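Q: Supplied structure: data.pdb, PDB, C-alpha atoms.
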```pdb
ATOM      1  CA  MET A 127     -14.747  32.974  10.370
ATOM      2  CA  ASP A 128     -16.611  31.350   7.491
ATOM      3  CA  ALA A 129     -14.834  28.012   6.843
ATOM      4  CA  ALA A 130     -15.555  28.334   3.116
ATOM      5  CA  LEU A 131     -13.023  31.171   3.008
ATOM      6  CA  ALA A 132     -10.275  28.588   3.588
ATOM      7  CA  THR A 133     -10.921  26.834   0.265
ATOM      8  CA  PRO A 134      -8.992  29.295  -1.986
ATOM      9  CA  PHE A 135      -5.968  29.050   0.327
ATOM     10  CA  ILE A 136      -6.000  25.227   0.158
ATOM     11  CA  LYS A 137      -6.537  25.289  -3.611
ATOM     12  CA  ALA A 138      -3.461  27.527  -3.961
ATOM     13  CA  PHE A 139      -1.231  24.697  -2.655
ATOM     14  CA  PHE A 140      -2.642  22.250  -5.212
ATOM     15  CA  ASP A 141      -2.273  24.838  -8.006
ATOM     16  CA  LEU A 142       1.235  26.010  -7.204
ATOM     17  CA  LEU A 143       3.277  23.373  -5.415
ATOM     18  CA  PRO A 144       3.444  20.915  -8.334
ATOM     19  CA  GLN A 145       4.722  23.783 -10.503
ATOM     20  CA  LEU A 146       7.450  24.438  -7.948
ATOM     21  CA  GLY A 147       8.671  20.837  -8.040
ATOM     22  CA  PHE A 148       6.743  19.272  -5.158
ATOM     23  CA  GLN A 149       5.601  15.680  -5.758
ATOM     24  CA  GLN A 150       3.140  15.366  -2.884
ATOM     25  CA  VAL A 151       0.372  17.746  -1.796
ATOM     26  CA  LYS A 152      -2.336  16.385   0.481
ATOM     27  CA  ARG A 153      -4.832  17.994   2.772
ATOM     28  CA  GLY A 154      -4.461  16.961   6.406
ATOM     29  CA  ASN A 155      -6.472  17.761   9.505
ATOM     30  CA  LEU A 156      -8.482  20.892  10.056
ATOM     31  CA  ARG A 157      -9.045  22.460  13.451
ATOM     32  CA  VAL A 158     -10.344  25.617  15.040
ATOM     33  CA  THR A 159      -8.062  27.396  17.486
ATOM     34  CA  GLU A 160      -8.701  29.859  20.227
ATOM     35  CA  LYS A 161      -7.182  33.300  19.957
ATOM     36  CA  MET A 162      -3.605  32.516  21.084
ATOM     37  CA  THR A 163      -2.112  29.251  19.973
ATOM     38  CA  ALA A 164       1.236  27.466  20.121
ATOM     39  CA  SER A 165       2.795  27.374  16.706
ATOM     40  CA  LEU A 166       5.513  25.663  14.751
ATOM     41  CA  ASP A 167       8.794  27.570  14.776
ATOM     42  CA  VAL A 168       8.827  29.206  11.329
ATOM     43  CA  LEU A 169       5.911  31.363  10.204
ATOM     44  CA  ALA A 170       5.370  33.464   7.119
ATOM     45  CA  VAL A 171       2.522  35.886   7.752
ATOM     46  CA  VAL A 172       0.680  37.864   5.078
ATOM     47  CA  GLY A 173      -1.996  40.468   5.818
ATOM     48  CA  LEU A 174      -5.143  41.007   3.761
ATOM     49  CA  SER A 175      -7.195  44.159   3.374
ATOM     50  CA  GLN A 176     -10.227  45.421   1.433
ATOM     51  CA  LYS A 177     -13.376  43.225   1.259
ATOM     52  CA  LEU A 178     -11.677  40.431   3.161
ATOM     53  CA  ARG A 179      -9.603  41.501   6.161
ATOM     54  CA  GLY A 180      -7.297  39.409   8.251
ATOM     55  CA  ASN A 181      -4.088  37.439   8.198
ATOM     56  CA  VAL A 182      -2.862  34.143   6.887
ATOM     57  CA  ALA A 183       0.204  32.473   8.364
ATOM     58  CA  TYR A 184       2.058  29.515   6.908
ATOM     59  CA  ALA A 185       3.678  27.689   9.822
ATOM     60  CA  MET A 186       6.228  24.890   9.640
ATOM     61  CA  SER A 187       9.058  23.342  11.632
ATOM     62  CA  GLN A 188      12.657  24.443  10.991
ATOM     63  CA  GLU A 189      13.305  21.071   9.304
ATOM     64  CA  THR A 190      10.292  21.431   6.993
ATOM     65  CA  ALA A 191      11.262  25.036   6.209
ATOM     66  CA  LYS A 192      14.729  23.904   5.099
ATOM     67  CA  LYS A 193      13.313  21.089   2.946
ATOM     68  CA  PHE A 194      10.626  23.417   1.533
ATOM     69  CA  ALA A 195      13.263  26.010   0.602
ATOM     70  CA  SER A 196      15.416  23.278  -0.958
ATOM     71  CA  VAL A 197      12.562  22.188  -3.261
ATOM     72  CA  MET A 198      11.899  25.859  -4.113
ATOM     73  CA  MET A 199      15.582  26.192  -5.058
ATOM     74  CA  MET A 200      15.483  23.219  -7.427
ATOM     75  CA  GLY A 201      16.855  20.697  -4.952
ATOM     76  CA  MET A 202      19.830  22.726  -3.785
ATOM     77  CA  PRO A 203      20.843  21.431  -0.321
ATOM     78  CA  VAL A 204      19.693  23.738   2.486
ATOM     79  CA  ASP A 205      21.483  23.047   5.775
ATOM     80  CA  GLN A 206      20.607  26.345   7.419
ATOM     81  CA  LEU A 207      17.647  28.656   7.186
ATOM     82  CA  ASP A 208      19.882  31.409   5.811
ATOM     83  CA  GLU A 209      18.918  34.552   3.951
ATOM     84  CA  MET A 210      18.376  32.746   0.642
ATOM     85  CA  ALA A 211      16.213  30.047   2.249
ATOM     86  CA  GLN A 212      14.231  32.700   4.142
ATOM     87  CA  SER A 213      13.664  34.526   0.884
ATOM     88  CA  ALA A 214      12.394  31.303  -0.747
ATOM     89  CA  ILE A 215       9.890  30.648   2.059
ATOM     90  CA  SER A 216       8.794  34.263   1.945
ATOM     91  CA  GLU A 217       8.301  34.115  -1.835
ATOM     92  CA  ALA A 218       6.293  30.892  -1.543
ATOM     93  CA  SER A 219       3.943  32.508   0.984
ATOM     94  CA  ASN A 220       3.551  35.507  -1.299
ATOM     95  CA  MET A 221       2.734  33.319  -4.324
ATOM     96  CA  LEU A 222       0.282  31.136  -2.381
ATOM     97  CA  THR A 223      -1.571  34.137  -0.944
ATOM     98  CA  ALA A 224      -1.645  35.938  -4.300
ATOM     99  CA  ASN A 225      -3.084  32.795  -5.914
ATOM    100  CA  ALA A 226      -5.791  32.625  -3.225
ATOM    101  CA  ALA A 227      -6.458  36.363  -3.672
ATOM    102  CA  MET A 228      -7.108  35.817  -7.389
ATOM    103  CA  THR A 229      -9.618  33.051  -6.602
ATOM    104  CA  LEU A 230     -11.322  35.308  -4.056
ATOM    105  CA  GLU A 231     -11.386  38.175  -6.558
ATOM    106  CA  ALA A 232     -13.170  35.906  -9.057
ATOM    107  CA  GLN A 233     -15.754  35.261  -6.320
ATOM    108  CA  GLY A 234     -16.319  38.995  -5.903
ATOM    109  CA  LEU A 235     -14.096  39.457  -2.848
ATOM    110  CA  SER A 236     -11.383  41.884  -3.872
ATOM    111  CA  VAL A 237      -8.337  41.535  -1.666
ATOM    112  CA  ASN A 238      -5.019  43.353  -1.367
ATOM    113  CA  ILE A 239      -2.127  41.529   0.265
ATOM    114  CA  SER A 240       0.799  42.866   2.261
ATOM    115  CA  PRO A 241       4.393  41.710   1.781
ATOM    116  CA  PRO A 242       5.193  38.576   3.806
ATOM    117  CA  THR A 243       6.944  38.823   7.147
ATOM    118  CA  LEU A 244       8.866  35.818   8.430
ATOM    119  CA  VAL A 245       8.832  35.051  12.125
ATOM    120  CA  ILE A 246      11.383  32.471  13.275
ATOM    121  CA  GLY A 247      11.734  31.378  16.870
ATOM    122  CA  GLN A 248      11.287  28.757  19.526
ATOM    123  CA  ASN A 249       8.250  28.117  21.700
ATOM    124  CA  VAL A 250       6.367  30.509  19.457
ATOM    125  CA  LYS A 251       2.824  31.505  20.298
ATOM    126  CA  VAL A 252       0.731  33.296  17.707
ATOM    127  CA  ARG A 253      -2.555  35.164  17.489
ATOM    128  CA  ILE A 254      -3.414  36.191  13.958
ATOM    129  CA  SER A 255      -6.986  37.224  14.595
ATOM    130  CA  SER A 256      -9.052  38.631  17.423
ATOM    131  CA  VAL A 257     -11.616  35.939  16.642
ATOM    132  CA  LYS A 258     -11.123  32.173  16.407
ATOM    133  CA  SER A 259      -8.785  30.961  13.681
ATOM    134  CA  LEU A 260      -8.890  28.005  11.362
ATOM    135  CA  VAL A 261      -5.817  25.777  10.964
ATOM    136  CA  VAL A 262      -5.554  23.567   7.891
ATOM    137  CA  GLU A 263      -2.697  21.079   7.564
ATOM    138  CA  ILE A 264      -1.170  20.618   4.140
ATOM    139  CA  ILE A 265       1.092  17.585   3.825
ATOM    140  CA  THR A 266       3.909  18.027   1.311
ATOM    141  CA  ASP A 267       7.095  16.127   0.504
ATOM    142  CA  ALA A 268       8.911  18.719   2.648
ATOM    143  CA  GLY A 269       6.685  18.008   5.661
ATOM    144  CA  VAL A 270       3.553  19.512   7.176
ATOM    145  CA  VAL A 271       2.639  23.143   6.568
ATOM    146  CA  GLU A 272      -0.048  24.549   8.850
ATOM    147  CA  VAL A 273      -2.111  27.254   7.199
ATOM    148  CA  ILE A 274      -3.508  29.465   9.959
ATOM    149  CA  LEU A 275      -6.375  31.641   8.764
ATOM    150  CA  GLY A 276      -7.992  34.520  10.615
ATOM    151  CA  LEU A 277     -10.287  36.241   8.132
ATOM    152  CA  GLU A 278     -13.352  38.427   8.336
ATOM    153  CA  THR A 279     -15.601  39.861   5.637
TER     154      THR A 279
ATOM    155  CA  MET B 117       7.294  59.632  -0.025
ATOM    156  CA  SER B 118      10.001  62.190   0.511
ATOM    157  CA  GLU B 119       9.108  63.211   4.037
ATOM    158  CA  ASN B 120      10.319  61.286   7.053
ATOM    159  CA  TYR B 121       7.251  59.074   7.474
ATOM    160  CA  LEU B 122       8.594  57.302  10.542
ATOM    161  CA  GLU B 123       8.337  60.509  12.562
ATOM    162  CA  HIS B 124       4.534  60.432  12.129
ATOM    163  CA  PHE B 125       4.376  56.985  13.716
ATOM    164  CA  ALA B 126       6.841  57.831  16.494
ATOM    165  CA  ALA B 127       4.968  61.050  17.347
ATOM    166  CA  SER B 128       1.688  59.146  17.439
ATOM    167  CA  MET B 129       3.212  56.568  19.790
ATOM    168  CA  VAL B 130       4.472  59.257  22.170
ATOM    169  CA  ASP B 131       1.135  61.167  22.073
ATOM    170  CA  ASN B 132      -0.928  58.020  22.631
ATOM    171  CA  LEU B 133       1.181  56.818  25.543
ATOM    172  CA  ARG B 134       0.692  60.203  27.189
ATOM    173  CA  GLU B 135      -3.077  60.160  26.597
ATOM    174  CA  MET B 136      -3.807  56.497  27.305
ATOM    175  CA  ALA B 137      -1.204  55.538  29.901
ATOM    176  CA  GLY B 138      -0.274  58.931  31.369
ATOM    177  CA  MET B 139       3.344  58.181  30.504
ATOM    178  CA  GLU B 140       5.969  60.560  29.203
ATOM    179  CA  ALA B 141       7.935  58.796  26.491
ATOM    180  CA  HIS B 142      10.439  59.959  23.935
ATOM    181  CA  ALA B 143      11.434  58.618  20.544
ATOM    182  CA  SER B 144      14.967  58.233  19.220
ATOM    183  CA  VAL B 145      16.208  59.352  15.825
ATOM    184  CA  PRO B 146      15.165  56.759  13.178
ATOM    185  CA  GLU B 147      17.842  54.239  12.270
ATOM    186  CA  ARG B 148      18.118  52.010   9.252
ATOM    187  CA  GLN B 149      17.166  48.441  10.083
ATOM    188  CA  GLU B 150      18.735  45.225   8.880
ATOM    189  CA  THR B 151      16.520  42.660   7.121
ATOM    190  CA  ALA B 152      16.511  40.428  10.206
ATOM    191  CA  PHE B 153      15.231  41.955  13.434
ATOM    192  CA  ALA B 154      15.922  40.365  16.818
ATOM    193  CA  SER B 155      12.634  40.614  18.678
ATOM    194  CA  ARG B 156      12.569  41.285  22.430
ATOM    195  CA  GLY B 157       9.981  38.526  22.663
ATOM    196  CA  PHE B 158       6.627  40.275  22.118
ATOM    197  CA  ALA B 159       5.816  41.511  18.616
ATOM    198  CA  VAL B 160       2.747  42.974  16.930
ATOM    199  CA  ILE B 161       2.811  43.043  13.126
ATOM    200  CA  ILE B 162       0.462  45.050  10.897
ATOM    201  CA  GLY B 163       0.691  44.803   7.114
ATOM    202  CA  ILE B 164       0.421  47.765   4.750
ATOM    203  CA  THR B 165      -1.263  47.383   1.357
ATOM    204  CA  GLY B 166      -1.636  49.904  -1.461
ATOM    205  CA  LYS B 167       0.824  51.473  -3.880
ATOM    206  CA  ARG B 168       3.733  51.077  -1.464
ATOM    207  CA  PRO B 169       3.126  47.875   0.482
ATOM    208  CA  GLY B 170       5.005  47.259   3.676
ATOM    209  CA  ARG B 171       4.633  46.407   7.319
ATOM    210  CA  ILE B 172       4.736  47.902  10.798
ATOM    211  CA  ILE B 173       6.209  46.083  13.801
ATOM    212  CA  LEU B 174       5.780  47.093  17.424
ATOM    213  CA  ASP B 175       8.244  45.082  19.462
ATOM    214  CA  THR B 176       8.967  44.974  23.158
ATOM    215  CA  GLN B 177       9.591  42.679  26.134
ATOM    216  CA  GLN B 178       6.710  40.769  27.668
ATOM    217  CA  GLU B 179       7.275  42.650  30.945
ATOM    218  CA  THR B 180       6.961  46.026  29.211
ATOM    219  CA  ALA B 181       3.795  44.870  27.420
ATOM    220  CA  ASP B 182       2.367  43.777  30.793
ATOM    221  CA  LYS B 183       3.153  47.124  32.454
ATOM    222  CA  LEU B 184       1.937  49.246  29.531
ATOM    223  CA  SER B 185      -1.346  47.311  29.491
ATOM    224  CA  GLU B 186      -1.727  47.780  33.238
ATOM    225  CA  ALA B 187      -1.115  51.539  32.934
ATOM    226  CA  ILE B 188      -3.547  51.895  30.032
ATOM    227  CA  ASN B 189      -6.339  49.823  31.607
ATOM    228  CA  GLY B 190      -5.770  50.881  35.205
ATOM    229  CA  GLU B 191      -5.598  47.279  36.442
ATOM    230  CA  LYS B 192      -3.514  44.124  36.107
ATOM    231  CA  CYS B 193      -4.425  42.333  32.889
ATOM    232  CA  ASP B 194      -4.543  38.659  31.944
ATOM    233  CA  GLU B 195      -2.764  37.368  28.838
ATOM    234  CA  GLU B 196      -5.658  37.885  26.416
ATOM    235  CA  PHE B 197      -6.296  41.405  27.681
ATOM    236  CA  ILE B 198      -2.595  42.259  27.278
ATOM    237  CA  LEU B 199      -2.699  40.962  23.703
ATOM    238  CA  ASP B 200      -5.871  42.967  22.995
ATOM    239  CA  THR B 201      -4.356  46.118  24.487
ATOM    240  CA  MET B 202      -1.051  45.896  22.630
ATOM    241  CA  ALA B 203      -2.848  45.055  19.363
ATOM    242  CA  GLU B 204      -5.058  48.111  19.844
ATOM    243  CA  VAL B 205      -2.129  50.403  20.692
ATOM    244  CA  THR B 206      -0.381  49.261  17.505
ATOM    245  CA  ASN B 207      -3.603  49.734  15.536
ATOM    246  CA  ILE B 208      -4.085  53.293  16.804
ATOM    247  CA  VAL B 209      -0.455  54.321  16.267
ATOM    248  CA  SER B 210      -0.411  52.734  12.792
ATOM    249  CA  GLY B 211      -3.757  54.287  11.853
ATOM    250  CA  ASN B 212      -2.608  57.769  12.864
ATOM    251  CA  GLY B 213       0.715  57.341  11.084
ATOM    252  CA  ILE B 214      -0.673  55.935   7.868
ATOM    253  CA  THR B 215      -3.339  58.671   7.668
ATOM    254  CA  LYS B 216      -0.596  61.305   7.795
ATOM    255  CA  VAL B 217       1.430  59.462   5.135
ATOM    256  CA  ASN B 218      -1.669  59.200   2.898
ATOM    257  CA  ASN B 219      -2.491  62.890   3.406
ATOM    258  CA  ALA B 220       1.052  63.898   2.487
ATOM    259  CA  ASN B 221       1.093  61.573  -0.542
ATOM    260  CA  PRO B 222      -2.235  61.813  -2.403
ATOM    261  CA  GLY B 223      -3.073  58.714  -4.439
ATOM    262  CA  MET B 224      -0.927  56.382  -2.324
ATOM    263  CA  GLY B 225      -4.046  54.636  -0.948
ATOM    264  CA  LEU B 226      -2.257  52.844   1.875
ATOM    265  CA  MET B 227      -4.420  50.557   3.998
ATOM    266  CA  LEU B 228      -3.665  48.532   7.108
ATOM    267  CA  THR B 229      -4.288  44.848   7.707
ATOM    268  CA  PRO B 230      -5.425  43.629  11.156
ATOM    269  CA  PRO B 231      -2.694  43.053  13.760
ATOM    270  CA  SER B 232      -1.095  39.661  14.327
ATOM    271  CA  LEU B 233       0.799  38.942  17.551
ATOM    272  CA  PHE B 234       3.824  36.749  18.177
ATOM    273  CA  ILE B 235       5.451  35.702  21.428
ATOM    274  CA  GLY B 236       8.634  33.648  21.568
ATOM    275  CA  ASN B 237      12.099  33.436  22.983
ATOM    276  CA  PRO B 238      14.160  33.766  20.901
ATOM    277  CA  LEU B 239      12.206  35.359  18.072
ATOM    278  CA  THR B 240      13.625  36.764  14.846
ATOM    279  CA  ILE B 241      11.522  38.775  12.419
ATOM    280  CA  VAL B 242      12.630  38.920   8.795
ATOM    281  CA  SER B 243      11.180  41.131   6.073
ATOM    282  CA  PRO B 244      12.903  40.215   2.826
ATOM    283  CA  LYS B 245      12.992  42.936   0.156
ATOM    284  CA  LEU B 246      11.755  45.681   2.470
ATOM    285  CA  ASN B 247      13.662  48.799   3.385
ATOM    286  CA  ALA B 248      12.936  49.455   7.016
ATOM    287  CA  GLU B 249      13.757  51.973   9.695
ATOM    288  CA  VAL B 250      13.293  51.668  13.431
ATOM    289  CA  VAL B 251      12.833  54.105  16.308
ATOM    290  CA  THR B 252      13.266  53.295  19.966
ATOM    291  CA  VAL B 253      10.508  54.760  22.119
ATOM    292  CA  THR B 254      11.787  54.989  25.672
ATOM    293  CA  THR B 255       9.049  54.719  28.277
ATOM    294  CA  PRO B 256       9.195  54.556  32.093
ATOM    295  CA  VAL B 257       8.396  50.814  31.870
ATOM    296  CA  GLY B 258      10.918  49.859  29.193
ATOM    297  CA  ASP B 259      11.764  50.401  25.553
ATOM    298  CA  VAL B 260       9.319  49.877  22.700
ATOM    299  CA  PHE B 261      10.703  49.475  19.187
ATOM    300  CA  LEU B 262       8.679  50.714  16.242
ATOM    301  CA  SER B 263       9.815  49.503  12.841
ATOM    302  CA  ILE B 264       8.261  50.590   9.540
ATOM    303  CA  GLY B 265       9.311  49.077   6.247
ATOM    304  CA  PHE B 266       8.152  49.614   2.681
ATOM    305  CA  GLU B 267       8.914  47.846  -0.562
ATOM    306  CA  GLY B 268      11.242  49.742  -2.845
ATOM    307  CA  GLY B 269      12.997  52.030  -0.402
ATOM    308  CA  ARG B 270      11.880  55.088   1.514
TER     309      ARG B 270
END
```
Could I get this structure in the form of structure tokens?
A:
Amino acid sequence: MDAALATPFIKAFFDLLPQLGFQQVKRGNLRVTEKMTASLDVLAVVGLSQKLRGNVAYAMSQETAKKFASVMMMGMPVDQLDEMAQSAISEASNMLTANAAMTLEAQGLSVNISPPTLVIGQNVKVRISSVKSLVVEIITDAGVVEVILGLET
Amino acid sequence: MSENYLEHFAASMVDNLREMAGMEAHASVPERQETAFASRGFAVIIGITGKRPGRIILDTQQETADKLSEAINGEKCDEEFILDTMAEVTNIVSGNGITKVNNANPGMGLMLTPPSLFIGNPLTIVSPKLNAEVVTVTTPVGDVFLSIGFEGGR
């Protein structure tokens, strides 16, 4: 995939996370993965259709997911990834992808997004695209979020 | 969307297994699905965009995915080939199903996103805010679960 397509998805973190109460947002490493890759244990996956087709998955550890949900819920303690915490992670992935979709739209790439699906497990392996995917690390105060992008125009 | 849309997907699954794998399968009556879905370990997810966004999940055991892929391709398959085969089966079934839903509901404009695949043990799949139903498709090599969920109810 064209690496430039990742930019709107990275920008979305810098646009949105401070508004949600996060203090730290930094870009970490970037890597290209083969089709199937080992993943962190909590993933929120959103599909894209129209001029840009593919999937974006936001992957994080259970610990990061709990901290992320806690920040989303105004600092409320989150000891378990329960229904409310799952809903918070899901909503964050929806907001981030919608923000990226608006940036893409402004660049002439109209995109529709599907509702997020959360996948929670152990020893999770993921393939979000039939071609190679791009993984961008975003470092937040909740921990590292890996943005896995498999997009095609 | 007043008609039972899930039947379109289930019928497509049964027809395609007969055509591609030479297998006789049958689908159960659709059941309402809880928000959290305990995966059997091998899941393919396809998103739905348009006026009624949602998602489709094809879920089964790794062993069933292996045997279905072998039956469809006529030879033992490696991991990547199994993933490709199961992604394509889900694509075909979803494409057939969504076309029938669009034809029955003019103006709905539903489109599919490409498949994503997940393997894990255990694996839980959660679709907050979606109303979903699931059918069990019983095949000679194990059960395949087909779950369709849309925002805002059936």
Q: Evaluate the PyMOL selection byres ((chain B and resi 179) around 12) and record the selected residues as a list of chain:residue names, following the chain and residue labels used in the document.
A: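 Here the PyMOL selection byres ((chain B and resi 179) around 12) matches B:Arg156, B:Gly157, B:Phe158, B:Asp175, B:Thr176, B:Gln177, B:Gln178, B:Thr180, B:Ala181, B:Asp182, B:Lys183, B:Leu184, B:Ser185, B:Glu186, B:Cys193, B:Glu195, B:Ile198, B:Ile235, B:Val257, B:Gly258, B:Asp259, B:Val260.
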Q: Residues of chain B near chain A: apply a cut-off of 6 Å, count only C-alpha atoms, and supply the list as a compact mmCIF listing (two decimals) with C-alpha atoms, keeping the file's coordinate frame.
A:
```txt
# COMPACT_ATOMS: atom_id res chain seq x y z
CA GLY B 163 0.69 44.80 7.11
CA ILE B 164 0.42 47.76 4.75
CA THR B 165 -1.26 47.38 1.36
CA PRO B 169 3.13 47.88 0.48
CA GLY B 170 5.00 47.26 3.68
CA THR B 229 -4.29 44.85 7.71
CA PRO B 230 -5.42 43.63 11.16
CA SER B 232 -1.10 39.66 14.33
CA LEU B 233 0.80 38.94 17.55
CA PHE B 234 3.82 36.75 18.18
CA ILE B 235 5.45 35.70 21.43
CA GLY B 236 8.63 33.65 21.57
CA ASN B 237 12.10 33.44 22.98
CA PRO B 238 14.16 33.77 20.90
CA LEU B 239 12.21 35.36 18.07
CA THR B 240 13.62 36.76 14.85
CA ILE B 241 11.52 38.78 12.42
CA VAL B 242 12.63 38.92 8.80
CA SER B 243 11.18 41.13 6.07
```
Q: Return the padded bounding box of stretch 226-237 of chain A as lines of an AutoDock Vina configuration file: axis-aligned, built from all atoms listed in the file, 3 Å added on each side, with centre and edge lengths in Å to one decimal.
A:
```
center_x = -11.1
center_y = 37.3
center_z = -5.4
size_x = 16.5
size_y = 15.3
size_z = 13.4
```
Q: May I have the protein, DNA and RNA residues with any atom at most 9 Å from the point (-5.7, 55.2, 32.0), counting all atoms listed in the file, written as a list in words?
A: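 Checking each residue against the 9 Å limit leaves Glu135, Met136, Ala137, Gly138, Glu186, Ala187, Ile188, Asn189 and Gly190 of chain B.
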Q: With distances taken over all atoms listed in the file, which of B:Asn132, B:Lys192, B:Ala126, B:Val217 is nearest to B:Val205?
A: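 When distances to B:Val205 are compared using all atoms listed in the file, the smallest one comes from B:Asn132.
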Q: To verify the selection step, state as a PyMOL selection string which residues the PyMOL selection byres ((chain A and resi 211) around 12) yields on this input.
A: (chain A and resi 168+188-210+212-218+244) or (chain B and resi 242+244)
Q: List the spatial neighbours of B:Ala248 as a list in words - criterion: any atom at most 9 Å away, only C-alpha atoms, same-chain residues fewer than 2 positions off excluded.
A: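 Here the qualifying residues turn out to be Glu147, Arg148, Gln149, Glu150, Thr151, Gly170, Arg171, Ser243, Leu246, Val250, Ser263, Ile264, Gly265, Phe266, Glu267, Gly269 and Arg270 of chain B.
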Q: Mind checking which residues fall within 9 Å of B:Ala141, counting only C-alpha atoms, ignoring those fewer than 2 positions away in the same chain, and posting them as JSON, numbers by chain?
A: {"B": [129, 130, 131, 133, 134, 139, 143, 253, 254, 255, 256]}
Q: Restricting the output to C-alpha atoms, write the selected residues as a short mmCIF file (atom, residue, chain, number, x, y, z; two decimals), in the frame of the given file.
A:
```
data_model
loop_
_atom_site.label_atom_id
_atom_site.label_comp_id
_atom_site.auth_asym_id
_atom_site.auth_seq_id
_atom_site.Cartn_x
_atom_site.Cartn_y
_atom_site.Cartn_z
CA MET B 129 3.21 56.57 19.79
CA VAL B 130 4.47 59.26 22.17
CA ASP B 131 1.14 61.17 22.07
CA LEU B 133 1.18 56.82 25.54
CA ARG B 134 0.69 60.20 27.19
CA MET B 139 3.34 58.18 30.50
CA ALA B 143 11.43 58.62 20.54
CA VAL B 253 10.51 54.76 22.12
CA THR B 254 11.79 54.99 25.67
CA THR B 255 9.05 54.72 28.28
CA PRO B 256 9.20 54.56 32.09
#
```
Q: Spell out the residues picked by the PyMOL selection byres ((chain A and resi 185) around 6) here, as a PyMOL selection string.
A: chain A and resi 166+168-169+184+186+271-272
